[in-house]
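For reference, the structure is listed below as structure tokens.
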Amino acid sequence: MNNHFVNSVTKADSPATPPKEKVEAMDVTEDGGTQPELTDVCDVEKAEEGPADMETENNLDDAIDDDESRAEGTFQYTVHAISRLKDTVLSPPYFVRNLPWKIMVMPRPNQSSTLDKHSQKNLAFFLQCNGESDSMSWSCYGIAELRLLSQKPDGKPLIRKIQHLFYCKENDWGFSNFIAISELLDPDKGYNKDDTITLEVFVKADAPHGVSWNSKKHTGCVGLKNQGATCYMNSLLQTLFFTNQLRKAVYMMPTEGDDSSKSVALALQRIFYELQFGDKPVGTKKLTKSFGWETLDSFMQHDVQELCRVLLENMEKKMKGTCVDGTIPKLFEGRMRSYIRCKQVNCMSSRPEAFYDLQLNIKGKQNINESFDDYIAVELLEGDNRYDAGDYGLQDAEKGVIFLSFPPVLHLQLMRFQYDPISDCNYKVNDRFEFPERLKLDGYLQNADPNNPANYKLHAVLVHSGDNHGGHYVVYINPKGDGKWFKFDDDVVSRCKSSEAIEYNFGGGGGDDDLFLRQCTNAYMLVYIRESHISSVLENVSELDIPDSLIDRLQSERQLEVQRRQERTEAHLYMAVQVLLEDSFESHQGFDLFDVDQVSFRNFRVKKSATLADFIKTLSTSLGFSKDQIRPWQLHLRDNQTLRVSAIDVENDANKMVQDMAENSATWLLFVETSDPESGVGKLQRFHREDEVLLFLKKYDPKTRSITYCGHIYVSLNTKLSDSLVPVLLKRGNFPPGTKLQLFAEICPAKVVELHGFDRRLDECMQEIMSGDIIVFQRACAADVISAKDEFATAVCYFRELLCRIEVTFIDRQQFNIDPGFTLQLSSKMNYDQMAKAVAQHLGTDPYLLQFFTHVGYKDVPDMNPIKCTFSGLLKDLFRLIKPKQPNKLFYQRLSMRIDELENKRQFRCFWMSSNTKEEEIVLYPNKGGCVKDLLEEARKQAKLSKSGSGQLRMLDVVQSRISNVMREDVLLECLQTSQQKTYRIEEIPHDELSMGMDDMLIPVAHFNKEPVNVYGIPFLLRLRNNEPFIKLKERIQTKLDLPDKEFEKIRLAVILQGRILRFLQEDADKLVHIDDFQHHNTHGVGMIGRPWLGLDHVSNKSVAKTPRYNYPEKAIKIHN
């Protein structure tokens, strides 16, 4: 991803892209025009006037590369006859990161100037990258200094800086008004000498994307391909890969029996192996597929820390019980102790905890030491936040943590993303935060070991560029711990200096004076390795450390992939041949000989140029028959949409190409006739195409209503049915000799015709008979059976009924997300009762205790409205809106009352609150035209009333955890509407609320936390007596809530109106509560909404998840396998 490359030039004379104009060749012109002089000063010491901050490196790990893959370089370009410069000129190329960079110069008019002809122009100075490339996919981020050198010995150059993402449409960047021509030619300025100027560029570039950058050649490492938004995962995988001890343990995880597509461990082994021994960027699709992720997950950025934890947890489980059991905690687990210590009494609570990473707060912190100081800082528990010390009561206390041990590999997560409660969203902290290359942590341990100090060496820096909504991740790694750093940017790996990996990622940059520090680019995660463990953690991993079985499996997979890739490349040279044998027809109960969607073909991949003879030879070898024992028949679709066989002239077409035989079809379907091994015949019977046809035989049994396949037969067209066909049918149908038969020709699904006149020739009985036709036979039915209109008496009836048969899947509506359902074959002509009876028989229940719902196809959910039991249509009418080839689905629901009774009632969901202020959802079935009173009577049948209760019920309207109204009993049910925010509750009226005096009032009470908008919990009504002592009121509330004193004393009572706290009630012993405080105000609202209510301010003892106002694309990471 390159979305972190941003043009941030803000100067008035800002860098711009020059106009598209003709660029002339750089030859000497006849009039003494410009002639270029290019000087490579890459290895030359900088002149005194050049700023040194961009080209010096305090901790150079290597001399700057001299080859064309160098990361940075400085080059000059001398322009002669500058006063006569008219057109655009380009310098010869200078190579950085294997790309050609050129200085581009041109005169540009100043539209606002009206002075002399020289001052009317400016000198435009641009840096061009890869300008002659025709590629549309390349990009390269670069920063540069454009310098106009002074010709005076003590003169200073004119310097302007740029940063830009160069790509095909913006391959040059610079300044159209770099300097005015008049100023350039002014002798006092010192830039021009003998009508000649010298331009210089220092450029530093990232390794390019989309061009032939050989990471393996330049660094010895390879990158990882980005699937869309997986740069965060790529950075983490590279970090784990270069934790060599972990890599060795990953290789040793047992994966011999793992499913290649579902094993996370095997996918990691595959990636690590290809990173170690491959020479091209490695793909990660198999890894994310093993996570159980869908394509969308690969286009959503997740949190690196969360992925690291989930991945390490998955590996730790896989390693249990193996030779590498315990590797994860051995490498990454540290220990700390959290404690709470009372200040006034001798009481302390502590608990040891393990950690795999540490989250460090960086907001307001300058460096990593300040973050560690903040981590172990003591928190005072005082006032309302005092600690409950058991027998000692609430006590002032100190709360904190102390580190017991640090792991060999220390993962530090810098909390760059913070939550802003004002805007109710997250934001990124881009402040400067320094971290050292060598970190000392002894001062944070409870007991430091002088023989093994907690000194750490920086191993990896994960960097995020962007904001809270997205961005790009790269990682800088010091693989051997020797100070030589590499930058891993997805598929591109390049060498870099330590300052680029460390200082440039402190954050807080973005000014014009420091182009290296981009505004939103900073370290997000740090990996340190303990100095005493560097040799073991970074131990060399060779091929000898990888099990032979794993190497063999991975190499076999690679060979298979190469083979598949080659097959895809050569796919246009091959065609598919699908073969069926006679055993595929045996269990088929429908039309034709088989169902295309259910039959299993034998598949062959055949060269299109292969001959029929070649293919028959292949068939012979594959099927285990000699060439004389097999005969191919082509399957083709007839005009009546039936799939039947036709003869192939094997002898005359032996040398014909397969693609011609298949009529250039992509797939050729064949039925292959084979000799019967039990017959003892050495070869197939000869087939005479001129006067014989191949017929397939089916037997129909009316009693079982089933079809039995009875093989095929060659029949002469010139013989009578009674002589050639009937005897064979009697034998194959196991009928006694002389049994009367009925014969039918299966022409198409809608046309099955009975054959008459067995004493006639076959071609007279069946007009247009041809090979592949199907004959269905059965024992002749008695006349009385047929006259009784038995719907399955004959094959004609059977196939007619079969034409109406459909498959319907029934799914439990209550569990439609997880229930796979069951499938029944039903007639599309069934009515509601017949369908319900069939489903009830399968479920073993009463059909009147089932309710059905149609399928909303575009949502794949049940419809909200049930199918009426009085539905007068047919089953097929329920699927009229279903798209073709979409499965027929219905949802069912078990009932506790008969469906015919239920449909005269209304289903009403509400809550029942018992005397202990606990709510439970109930479903009531009052009459449709009823009112609230009827609903209360239904509730009385289901609810468990208190024996000592009043027995009187009421219904409350509850909106967002507040009571809105007490519903009158005469309100019609059709006026009641529930929603996600609005529910109804039925409860038993307490005795003291049955008879209310003139000085009494029912007030609504609700729980909230700090602000009245943060309402939660179960609200209730409370009888308020005018001038009641506040102490008594609190006692009654405490009794109703059944809370102990320690919890209840934390609650504050407030009078609230329309989301605003009017006042908190005082806890004075003589303070009285007046009902006037809860009377109607001049506000809008119905029922109790317009009245003040009593709020109980306290923190919920249940964790209430805060729902953000906005939905961010990031979601929790889950590895499903």
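Each chain of the structure tokens is named A, B, ... in the order shown, its residues numbered from 1; ligands are numbered from 1 in display order.
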Neighbours of Leu874 (chain A) within 12 Å (only C-alpha atoms; same-chain residues fewer than 4 positions away dropped), as an mmCIF file with C-alpha atoms, in the first residue's frame?
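selection10.cif was written with the following content:
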data_model
loop_
_atom_site.group_PDB
_atom_site.id
_atom_site.type_symbol
_atom_site.label_atom_id
_atom_site.label_comp_id
_atom_site.auth_asym_id
_atom_site.auth_seq_id
_atom_site.Cartn_x
_atom_site.Cartn_y
_atom_site.Cartn_z
ATOM 1 C CA CYS A 804 -44.596 -32.136 -10.586
ATOM 2 C CA LEU A 826 -42.974 -33.213 -2.549
ATOM 3 C CA SER A 827 -45.484 -32.677 -5.296
ATOM 4 C CA SER A 828 -45.849 -29.102 -6.451
ATOM 5 C CA LYS A 829 -49.604 -29.767 -6.565
ATOM 6 C CA MET A 830 -49.853 -30.369 -2.823
ATOM 7 C CA ASN A 831 -52.117 -28.111 -0.791
ATOM 8 C CA TYR A 832 -51.247 -26.690 2.622
ATOM 9 C CA ASP A 833 -52.646 -29.625 4.598
ATOM 10 C CA GLN A 834 -50.764 -32.220 2.534
ATOM 11 C CA MET A 835 -47.495 -30.338 2.909
ATOM 12 C CA THR A 870 -56.195 -21.439 5.282
ATOM 13 C CA LEU A 878 -45.120 -20.412 -2.551
ATOM 14 C CA PHE A 879 -42.015 -20.377 -4.768
ATOM 15 C CA ARG A 880 -43.160 -18.163 -7.607
#
Which of A:Lys161, A:His842, A:Val1055, A:Ala265 sits closest to Leu311 (chain A) [using only C-alpha atoms]: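 Using only C-alpha atoms, Leu311 (chain A) sits closest to A:Ala265.
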Near-region 339-341 of chain A list (12 Å; only C-alpha atoms; drop same-chain fewer than 2 positions) as a PyMOL selection string: chain A and resi 336-337+343-353+376-381+386-389+395-403
Write the residues of the preceding selection, restricted to C-alpha atoms, as an mmCIF file, in the first residue's frame.
data_model
loop_
_atom_site.group_PDB
_atom_site.id
_atom_site.type_symbol
_atom_site.label_atom_id
_atom_site.label_comp_id
_atom_site.auth_asym_id
_atom_site.auth_seq_id
_atom_site.Cartn_x
_atom_site.Cartn_y
_atom_site.Cartn_z
ATOM 1 C CA MET A 336 4.315 -8.665 36.913
ATOM 2 C CA ARG A 337 2.533 -8.286 40.216
ATOM 3 C CA LYS A 343 -2.534 3.279 53.697
ATOM 4 C CA GLN A 344 -4.090 3.277 57.170
ATOM 5 C CA VAL A 345 -4.388 -0.418 58.010
ATOM 6 C CA ASN A 346 -2.194 -3.454 57.486
ATOM 7 C CA CYS A 347 -4.048 -4.894 54.500
ATOM 8 C CA MET A 348 -2.681 -5.687 51.070
ATOM 9 C CA SER A 349 -3.997 -7.632 48.091
ATOM 10 C CA SER A 350 -1.687 -8.753 45.283
ATOM 11 C CA ARG A 351 -1.831 -11.047 42.297
ATOM 12 C CA PRO A 352 0.931 -12.222 39.943
ATOM 13 C CA GLU A 353 0.149 -11.914 36.248
ATOM 14 C CA ILE A 376 4.312 1.488 37.375
ATOM 15 C CA ALA A 377 3.007 4.764 38.793
ATOM 16 C CA VAL A 378 0.951 4.383 41.967
ATOM 17 C CA GLU A 379 -2.768 5.222 41.749
ATOM 18 C CA LEU A 380 -4.462 6.554 44.879
ATOM 19 C CA LEU A 381 -7.869 5.118 45.775
ATOM 20 C CA ARG A 386 -11.948 3.961 48.184
ATOM 21 C CA TYR A 387 -10.969 0.307 48.332
ATOM 22 C CA ASP A 388 -13.282 -2.240 49.999
ATOM 23 C CA ALA A 389 -10.901 -3.944 52.420
ATOM 24 C CA GLN A 395 -10.051 2.370 53.009
ATOM 25 C CA ASP A 396 -7.718 4.810 51.294
ATOM 26 C CA ALA A 397 -5.259 2.685 49.323
ATOM 27 C CA GLU A 398 -2.497 2.639 46.728
ATOM 28 C CA LYS A 399 -2.856 0.619 43.557
ATOM 29 C CA GLY A 400 -0.061 -0.288 41.166
ATOM 30 C CA VAL A 401 2.087 -2.912 39.471
ATOM 31 C CA ILE A 402 5.690 -3.997 39.784
ATOM 32 C CA PHE A 403 7.585 -6.079 37.262
#
Pro1029 (chain A) surroundings by only C-alpha atoms, 12 Å radius, close-in-sequence under 2 positions cut, as a VMD selection string: chain A and resid 1024 to 1027 1031 to 1036 1065 to 1075
Neighbour list for Leu149 (chain A) as an MDAnalysis selection string, cut-off 12 Å, only C-alpha atoms, skip fewer than 3 positions in-chain: chainID A and resid 47:50 75:79 145:146 152:160 184 189:193 196:201
Thr611 (chain A) surroundings by only C-alpha atoms, 12 Å radius, close-in-sequence under 5 positions cut, as a ChimeraX atom specification: /A:606,616-618,650,652-662
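For the residues A:Leu439, A:Leu729, A:Met575, A:Ile1003, ranking by smallest atom-to-atom distance to Ile529 (chain A) using only C-alpha atoms places A:Leu439 first.
Selecting helix (DSSP H, G or I) from the backbone DSSP output for region 910-943 of chain A yields Val932, Lys933, Asp934, Leu935, Leu936, Glu937, Glu938, Ala939, Arg940, Lys941 and Gln942 of chain A.
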Requested write-out: all heavy atoms of the selected residues, as a PDB file, in the first residue's frame:
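Generated file (selection32.pdb):
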ATOM      1  N   VAL A 932     -55.665  -4.167  26.310  1.00  0.00           N
ATOM      2  CA  VAL A 932     -54.650  -4.426  27.321  1.00  0.00           C
ATOM      3  C   VAL A 932     -55.185  -5.341  28.415  1.00  0.00           C
ATOM      4  O   VAL A 932     -54.456  -6.192  28.937  1.00  0.00           O
ATOM      5  CB  VAL A 932     -54.143  -3.087  27.910  1.00  0.00           C
ATOM      6  CG1 VAL A 932     -53.244  -3.339  29.119  1.00  0.00           C
ATOM      7  CG2 VAL A 932     -53.395  -2.289  26.857  1.00  0.00           C
ATOM      8  N   LYS A 933     -56.463  -5.203  28.730  1.00  0.00           N
ATOM      9  CA  LYS A 933     -57.059  -6.047  29.769  1.00  0.00           C
ATOM     10  C   LYS A 933     -56.958  -7.529  29.378  1.00  0.00           C
ATOM     11  O   LYS A 933     -56.639  -8.386  30.226  1.00  0.00           O
ATOM     12  CB  LYS A 933     -58.517  -5.649  29.993  1.00  0.00           C
ATOM     13  CG  LYS A 933     -59.213  -6.430  31.092  1.00  0.00           C
ATOM     14  CD  LYS A 933     -60.635  -5.943  31.306  1.00  0.00           C
ATOM     15  CE  LYS A 933     -61.319  -6.728  32.419  1.00  0.00           C
ATOM     16  NZ  LYS A 933     -62.732  -6.256  32.624  1.00  0.00           N
ATOM     17  N   ASP A 934     -57.235  -7.844  28.110  1.00  0.00           N
ATOM     18  CA  ASP A 934     -57.121  -9.228  27.640  1.00  0.00           C
ATOM     19  C   ASP A 934     -55.672  -9.709  27.730  1.00  0.00           C
ATOM     20  O   ASP A 934     -55.411 -10.874  28.048  1.00  0.00           O
ATOM     21  CB  ASP A 934     -57.609  -9.339  26.196  1.00  0.00           C
ATOM     22  CG  ASP A 934     -59.073  -8.917  26.061  1.00  0.00           C
ATOM     23  OD1 ASP A 934     -59.866  -9.288  26.944  1.00  0.00           O
ATOM     24  OD2 ASP A 934     -59.389  -8.217  25.086  1.00  0.00           O
ATOM     25  N   LEU A 935     -54.752  -8.818  27.444  1.00  0.00           N
ATOM     26  CA  LEU A 935     -53.334  -9.171  27.510  1.00  0.00           C
ATOM     27  C   LEU A 935     -52.932  -9.499  28.943  1.00  0.00           C
ATOM     28  O   LEU A 935     -52.184 -10.452  29.206  1.00  0.00           O
ATOM     29  CB  LEU A 935     -52.490  -8.008  26.964  1.00  0.00           C
ATOM     30  CG  LEU A 935     -51.037  -8.314  26.629  1.00  0.00           C
ATOM     31  CD1 LEU A 935     -50.940  -9.300  25.477  1.00  0.00           C
ATOM     32  CD2 LEU A 935     -50.304  -7.027  26.258  1.00  0.00           C
ATOM     33  N   LEU A 936     -53.458  -8.742  29.909  1.00  0.00           N
ATOM     34  CA  LEU A 936     -53.147  -9.001  31.318  1.00  0.00           C
ATOM     35  C   LEU A 936     -53.714 -10.345  31.763  1.00  0.00           C
ATOM     36  O   LEU A 936     -53.092 -11.052  32.570  1.00  0.00           O
ATOM     37  CB  LEU A 936     -53.685  -7.868  32.188  1.00  0.00           C
ATOM     38  CG  LEU A 936     -53.062  -6.472  31.936  1.00  0.00           C
ATOM     39  CD1 LEU A 936     -53.710  -5.441  32.834  1.00  0.00           C
ATOM     40  CD2 LEU A 936     -51.545  -6.512  32.160  1.00  0.00           C
ATOM     41  N   GLU A 937     -54.894 -10.686  31.245  1.00  0.00           N
ATOM     42  CA  GLU A 937     -55.495 -11.970  31.598  1.00  0.00           C
ATOM     43  C   GLU A 937     -54.651 -13.124  31.047  1.00  0.00           C
ATOM     44  O   GLU A 937     -54.477 -14.157  31.709  1.00  0.00           O
ATOM     45  CB  GLU A 937     -56.925 -12.066  31.061  1.00  0.00           C
ATOM     46  CG  GLU A 937     -57.911 -11.159  31.777  1.00  0.00           C
ATOM     47  CD  GLU A 937     -57.973 -11.457  33.267  1.00  0.00           C
ATOM     48  OE1 GLU A 937     -57.951 -12.661  33.638  1.00  0.00           O
ATOM     49  OE2 GLU A 937     -58.021 -10.507  34.065  1.00  0.00           O
ATOM     50  N   GLU A 938     -54.104 -12.968  29.815  1.00  0.00           N
ATOM     51  CA  GLU A 938     -53.223 -13.984  29.255  1.00  0.00           C
ATOM     52  C   GLU A 938     -51.938 -14.104  30.082  1.00  0.00           C
ATOM     53  O   GLU A 938     -51.423 -15.197  30.306  1.00  0.00           O
ATOM     54  CB  GLU A 938     -52.874 -13.640  27.805  1.00  0.00           C
ATOM     55  CG  GLU A 938     -54.002 -13.849  26.819  1.00  0.00           C
ATOM     56  CD  GLU A 938     -54.381 -15.312  26.676  1.00  0.00           C
ATOM     57  OE1 GLU A 938     -53.464 -16.162  26.657  1.00  0.00           O
ATOM     58  OE2 GLU A 938     -55.579 -15.619  26.601  1.00  0.00           O
ATOM     59  N   ALA A 939     -51.425 -12.974  30.538  1.00  0.00           N
ATOM     60  CA  ALA A 939     -50.209 -12.990  31.349  1.00  0.00           C
ATOM     61  C   ALA A 939     -50.444 -13.695  32.675  1.00  0.00           C
ATOM     62  O   ALA A 939     -49.561 -14.387  33.203  1.00  0.00           O
ATOM     63  CB  ALA A 939     -49.721 -11.564  31.586  1.00  0.00           C
ATOM     64  N   ARG A 940     -51.635 -13.537  33.213  1.00  0.00           N
ATOM     65  CA  ARG A 940     -51.962 -14.173  34.495  1.00  0.00           C
ATOM     66  C   ARG A 940     -51.869 -15.694  34.382  1.00  0.00           C
ATOM     67  O   ARG A 940     -51.510 -16.380  35.329  1.00  0.00           O
ATOM     68  CB  ARG A 940     -53.361 -13.745  34.942  1.00  0.00           C
ATOM     69  CG  ARG A 940     -53.726 -14.139  36.357  1.00  0.00           C
ATOM     70  CD  ARG A 940     -55.170 -13.752  36.657  1.00  0.00           C
ATOM     71  NE  ARG A 940     -55.391 -12.338  36.437  1.00  0.00           N
ATOM     72  CZ  ARG A 940     -55.093 -11.411  37.347  1.00  0.00           C
ATOM     73  NH1 ARG A 940     -54.588 -11.757  38.519  1.00  0.00           N
ATOM     74  NH2 ARG A 940     -55.337 -10.140  37.095  1.00  0.00           N
ATOM     75  N   LYS A 941     -52.144 -16.245  33.166  1.00  0.00           N
ATOM     76  CA  LYS A 941     -52.095 -17.692  32.969  1.00  0.00           C
ATOM     77  C   LYS A 941     -50.653 -18.202  32.960  1.00  0.00           C
ATOM     78  O   LYS A 941     -50.390 -19.330  33.341  1.00  0.00           O
ATOM     79  CB  LYS A 941     -52.774 -18.063  31.651  1.00  0.00           C
ATOM     80  CG  LYS A 941     -54.255 -17.693  31.586  1.00  0.00           C
ATOM     81  CD  LYS A 941     -54.815 -17.987  30.205  1.00  0.00           C
ATOM     82  CE  LYS A 941     -56.268 -17.543  30.079  1.00  0.00           C
ATOM     83  NZ  LYS A 941     -56.792 -17.762  28.699  1.00  0.00           N
ATOM     84  N   GLN A 942     -49.733 -17.367  32.495  1.00  0.00           N
ATOM     85  CA  GLN A 942     -48.338 -17.808  32.349  1.00  0.00           C
ATOM     86  C   GLN A 942     -47.463 -17.413  33.534  1.00  0.00           C
ATOM     87  O   GLN A 942     -46.574 -18.157  33.935  1.00  0.00           O
ATOM     88  CB  GLN A 942     -47.729 -17.212  31.068  1.00  0.00           C
ATOM     89  CG  GLN A 942     -48.244 -17.821  29.779  1.00  0.00           C
ATOM     90  CD  GLN A 942     -47.343 -17.455  28.605  1.00  0.00           C
ATOM     91  OE1 GLN A 942     -46.129 -17.319  28.755  1.00  0.00           O
ATOM     92  NE2 GLN A 942     -47.955 -17.297  27.439  1.00  0.00           N
TER      93      GLN A 942
END
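You can rank A:Glu382, A:Asp759, A:Asp691, A:Asp482 by their closest distance to Ser722 (chain A) using only C-alpha atoms, and at the top of that list sits A:Asp759.
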